[in-house]
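A short worksheet on the structure shown next.
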Amino acid sequence: PVPRCAARALARATRLLRAAVGPAAFNVLLHSAMPVDADRPELLWTMQLVPRLTRNAGFEFTSGLQLSAAAPEATAAQWRKLAGQLDLP
């Protein structure tokens with residue numbers, strides 16, 4: 001059931017991303033973390049969908065960080081609007 005849930009979440013996120021930015025290359029990053037509770041030994045997993053919309057320049061190359069010129073509030077509002085239009089939960 002977990003792989004199926006992850007696949008559905010990735011499919012929804014991919015549809016939303018394509019609706020927002022059009023056909024763009026992207027990477028899917030899968031992160032694992034050690035358990036936070038000794039009574040629950042499961043690993044914690046996070047999936048991250050990262051579109052490649054711009055080219056890296058000096059800051060990105062030297063710091064390893066990515067910059068975004070968009071205001072977080074405006075971006076969140078756009079994502080919520082698109083999710084509603086695509087009938088995504």
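Going by the structure tokens order, chains are called A, B, ..., each with residues numbered from 1, while ligands are numbered from 1 in the order shown.
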Might you pull out every residue within 9 Å of Leu86 in chain A, with only C-alpha atoms counted and same-chain residues fewer than 3 positions away left off, and present them as an mmCIF file with N, CA and C atoms, in the first residue's frame?
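What ended up in result-v8.cif:
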```
data_model
loop_
_atom_site.group_PDB
_atom_site.id
_atom_site.type_symbol
_atom_site.label_atom_id
_atom_site.label_comp_id
_atom_site.auth_asym_id
_atom_site.auth_seq_id
_atom_site.Cartn_x
_atom_site.Cartn_y
_atom_site.Cartn_z
ATOM 1 N N ARG A 15 1.218 16.252 -12.183
ATOM 2 C CA ARG A 15 0.148 16.950 -12.932
ATOM 3 C C ARG A 15 0.075 18.412 -12.525
ATOM 4 N N LEU A 16 0.166 18.681 -11.240
ATOM 5 C CA LEU A 16 0.119 20.049 -10.749
ATOM 6 C C LEU A 16 1.312 20.847 -11.245
ATOM 7 N N ALA A 19 0.872 21.671 -14.908
ATOM 8 C CA ALA A 19 -0.139 22.712 -15.094
ATOM 9 C C ALA A 19 0.425 24.081 -14.741
ATOM 10 N N LYS A 81 -4.737 27.519 -6.229
ATOM 11 C CA LYS A 81 -5.686 27.752 -7.313
ATOM 12 C C LYS A 81 -5.605 26.640 -8.353
ATOM 13 N N LEU A 82 -4.392 26.281 -8.755
ATOM 14 C CA LEU A 82 -4.222 25.207 -9.733
ATOM 15 C C LEU A 82 -4.705 23.871 -9.210
ATOM 16 N N ALA A 83 -4.435 23.573 -7.941
ATOM 17 C CA ALA A 83 -4.893 22.306 -7.358
ATOM 18 C C ALA A 83 -6.418 22.241 -7.376
#
```
When DSSP is applied to the backbone of this structure, which of chain A are assigned alpha helix (DSSP H)? Write them out as an MDAnalysis selection string. chainID A and resid 2:21 58:63 72:85
Could those residues be written to a file, using N, CA, C and O atoms, as a compact mmCIF listing (two decimals), in the first residue's frame?
```
# COMPACT_ATOMS: atom_id res chain seq x y z
N VAL A 2 1.99 1.28 0.71
CA VAL A 2 2.81 2.49 0.77
C VAL A 2 3.34 2.88 -0.61
O VAL A 2 3.22 4.04 -1.01
N PRO A 3 3.92 1.93 -1.39
CA PRO A 3 4.40 2.33 -2.73
C PRO A 3 3.27 2.86 -3.61
O PRO A 3 3.46 3.79 -4.37
N ARG A 4 2.08 2.30 -3.48
CA ARG A 4 0.94 2.76 -4.27
C ARG A 4 0.55 4.18 -3.88
O ARG A 4 0.27 5.02 -4.73
N CYS A 5 0.55 4.47 -2.59
CA CYS A 5 0.24 5.83 -2.11
C CYS A 5 1.29 6.82 -2.61
O CYS A 5 0.96 7.93 -3.02
N ALA A 6 2.54 6.42 -2.55
CA ALA A 6 3.62 7.30 -3.02
C ALA A 6 3.48 7.55 -4.52
O ALA A 6 3.69 8.67 -4.99
N ALA A 7 3.12 6.53 -5.27
CA ALA A 7 2.95 6.68 -6.72
C ALA A 7 1.79 7.63 -7.03
O ALA A 7 1.90 8.48 -7.93
N ARG A 8 0.69 7.51 -6.29
CA ARG A 8 -0.44 8.42 -6.50
C ARG A 8 -0.06 9.86 -6.16
O ARG A 8 -0.40 10.79 -6.88
N ALA A 9 0.66 10.04 -5.06
CA ALA A 9 1.08 11.39 -4.67
C ALA A 9 2.01 11.99 -5.71
O ALA A 9 1.89 13.16 -6.07
N LEU A 10 2.94 11.18 -6.23
CA LEU A 10 3.86 11.66 -7.26
C LEU A 10 3.10 12.01 -8.54
O LEU A 10 3.39 13.03 -9.17
N ALA A 11 2.13 11.20 -8.92
CA ALA A 11 1.33 11.49 -10.12
C ALA A 11 0.56 12.80 -9.96
O ALA A 11 0.52 13.63 -10.88
N ARG A 12 -0.05 13.03 -8.80
CA ARG A 12 -0.79 14.29 -8.56
C ARG A 12 0.15 15.48 -8.58
O ARG A 12 -0.14 16.51 -9.19
N ALA A 13 1.31 15.34 -7.93
CA ALA A 13 2.26 16.44 -7.89
C ALA A 13 2.80 16.75 -9.29
O ALA A 13 2.99 17.91 -9.65
N THR A 14 3.02 15.72 -10.08
CA THR A 14 3.52 15.92 -11.45
C THR A 14 2.48 16.64 -12.30
O THR A 14 2.82 17.55 -13.06
N ARG A 15 1.22 16.25 -12.18
CA ARG A 15 0.15 16.95 -12.93
C ARG A 15 0.08 18.41 -12.53
O ARG A 15 -0.06 19.30 -13.37
N LEU A 16 0.17 18.68 -11.24
CA LEU A 16 0.12 20.05 -10.75
C LEU A 16 1.31 20.85 -11.24
O LEU A 16 1.17 21.98 -11.71
N LEU A 17 2.49 20.26 -11.20
CA LEU A 17 3.70 20.93 -11.67
C LEU A 17 3.58 21.27 -13.15
O LEU A 17 3.89 22.38 -13.57
N ARG A 18 3.12 20.32 -13.96
CA ARG A 18 3.00 20.58 -15.40
C ARG A 18 1.95 21.64 -15.70
O ARG A 18 2.11 22.42 -16.62
N ALA A 19 0.87 21.67 -14.91
CA ALA A 19 -0.14 22.71 -15.09
C ALA A 19 0.43 24.08 -14.74
O ALA A 19 0.08 25.08 -15.35
N ALA A 20 1.32 24.12 -13.76
CA ALA A 20 1.87 25.40 -13.30
C ALA A 20 2.97 25.92 -14.21
O ALA A 20 3.00 27.11 -14.51
N VAL A 21 3.88 25.06 -14.65
CA VAL A 21 5.06 25.54 -15.37
C VAL A 21 5.18 25.00 -16.79
O VAL A 21 6.11 25.37 -17.50
N GLY A 58 26.59 31.74 -10.47
CA GLY A 58 27.64 31.75 -9.46
C GLY A 58 27.18 31.40 -8.06
O GLY A 58 27.79 30.56 -7.39
N PHE A 59 26.11 32.01 -7.58
CA PHE A 59 25.65 31.75 -6.22
C PHE A 59 25.25 30.30 -6.06
O PHE A 59 25.62 29.64 -5.07
N GLU A 60 24.47 29.78 -7.00
CA GLU A 60 24.01 28.41 -6.91
C GLU A 60 25.17 27.42 -6.95
O GLU A 60 25.20 26.44 -6.19
N PHE A 61 26.12 27.66 -7.85
CA PHE A 61 27.27 26.76 -7.95
C PHE A 61 28.12 26.75 -6.69
O PHE A 61 28.56 25.70 -6.23
N THR A 62 28.38 27.93 -6.13
CA THR A 62 29.29 28.00 -4.99
C THR A 62 28.63 27.63 -3.67
O THR A 62 29.29 27.10 -2.78
N SER A 63 27.33 27.89 -3.52
CA SER A 63 26.67 27.62 -2.24
C SER A 63 25.93 26.29 -2.22
O SER A 63 25.67 25.75 -1.14
N PRO A 72 6.78 33.86 -1.65
CA PRO A 72 6.18 32.60 -1.22
C PRO A 72 4.66 32.65 -1.14
O PRO A 72 3.98 31.69 -1.48
N GLU A 73 4.10 33.79 -0.72
CA GLU A 73 2.66 33.91 -0.59
C GLU A 73 1.98 33.82 -1.96
O GLU A 73 0.96 33.17 -2.12
N ALA A 74 2.57 34.49 -2.96
CA ALA A 74 2.00 34.46 -4.31
C ALA A 74 2.11 33.06 -4.90
O ALA A 74 1.17 32.58 -5.55
N THR A 75 3.22 32.41 -4.68
CA THR A 75 3.42 31.06 -5.21
C THR A 75 2.44 30.09 -4.57
O THR A 75 1.83 29.27 -5.25
N ALA A 76 2.27 30.17 -3.25
CA ALA A 76 1.32 29.28 -2.55
C ALA A 76 -0.10 29.50 -3.06
O ALA A 76 -0.85 28.55 -3.26
N ALA A 77 -0.48 30.76 -3.28
CA ALA A 77 -1.82 31.05 -3.79
C ALA A 77 -2.01 30.45 -5.18
O ALA A 77 -3.06 29.89 -5.50
N GLN A 78 -0.98 30.56 -6.02
CA GLN A 78 -1.07 29.98 -7.37
C GLN A 78 -1.20 28.47 -7.31
O GLN A 78 -2.00 27.88 -8.03
N TRP A 79 -0.43 27.81 -6.43
CA TRP A 79 -0.52 26.35 -6.32
C TRP A 79 -1.90 25.93 -5.83
O TRP A 79 -2.46 24.96 -6.33
N ARG A 80 -2.46 26.64 -4.84
CA ARG A 80 -3.79 26.30 -4.34
C ARG A 80 -4.84 26.45 -5.44
O ARG A 80 -5.72 25.61 -5.59
N LYS A 81 -4.74 27.52 -6.23
CA LYS A 81 -5.69 27.75 -7.31
C LYS A 81 -5.61 26.64 -8.35
O LYS A 81 -6.62 26.09 -8.79
N LEU A 82 -4.39 26.28 -8.75
CA LEU A 82 -4.22 25.21 -9.73
C LEU A 82 -4.70 23.87 -9.21
O LEU A 82 -5.34 23.10 -9.93
N ALA A 83 -4.43 23.57 -7.94
CA ALA A 83 -4.89 22.31 -7.36
C ALA A 83 -6.42 22.24 -7.38
O ALA A 83 -6.99 21.20 -7.65
N GLY A 84 -7.08 23.36 -7.12
CA GLY A 84 -8.54 23.40 -7.17
C GLY A 84 -9.06 23.20 -8.58
O GLY A 84 -10.06 22.51 -8.80
N GLN A 85 -8.40 23.79 -9.57
CA GLN A 85 -8.82 23.64 -10.96
C GLN A 85 -8.63 22.21 -11.45
O GLN A 85 -9.40 21.72 -12.26
```
For a test of reading the model, state the distance in Å between CA of Asp87 in chain A and CA of Val50 in chain A, rounded to one decimal. 21.9 Å
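Put simply, CA of Leu30 in chain A is 6.4 Å away from CA of Gln48 in chain A.
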So the first atom is CA of Thr54 in chain A and the second is CA of Ala24 in chain A; what is the distance between them in Å, to one decimal place?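 Distance between the two atoms: 10.2 Å.
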Determine, counting only C-alpha atoms, which protein, DNA and RNA residues have an atom within 7 Å of an atom of Phe26 in chain A; residues of the same chain fewer than 5 positions away are not included. Present the result as a list in words.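 So the residues in contact are Leu49, Val50, Pro51 and Arg52 of chain A.
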Could you pull out all residues of range 23-68 of chain A with a DSSP call of strand (DSSP E) and give them as a ChimeraX atom specification? /A:26-33,44-51
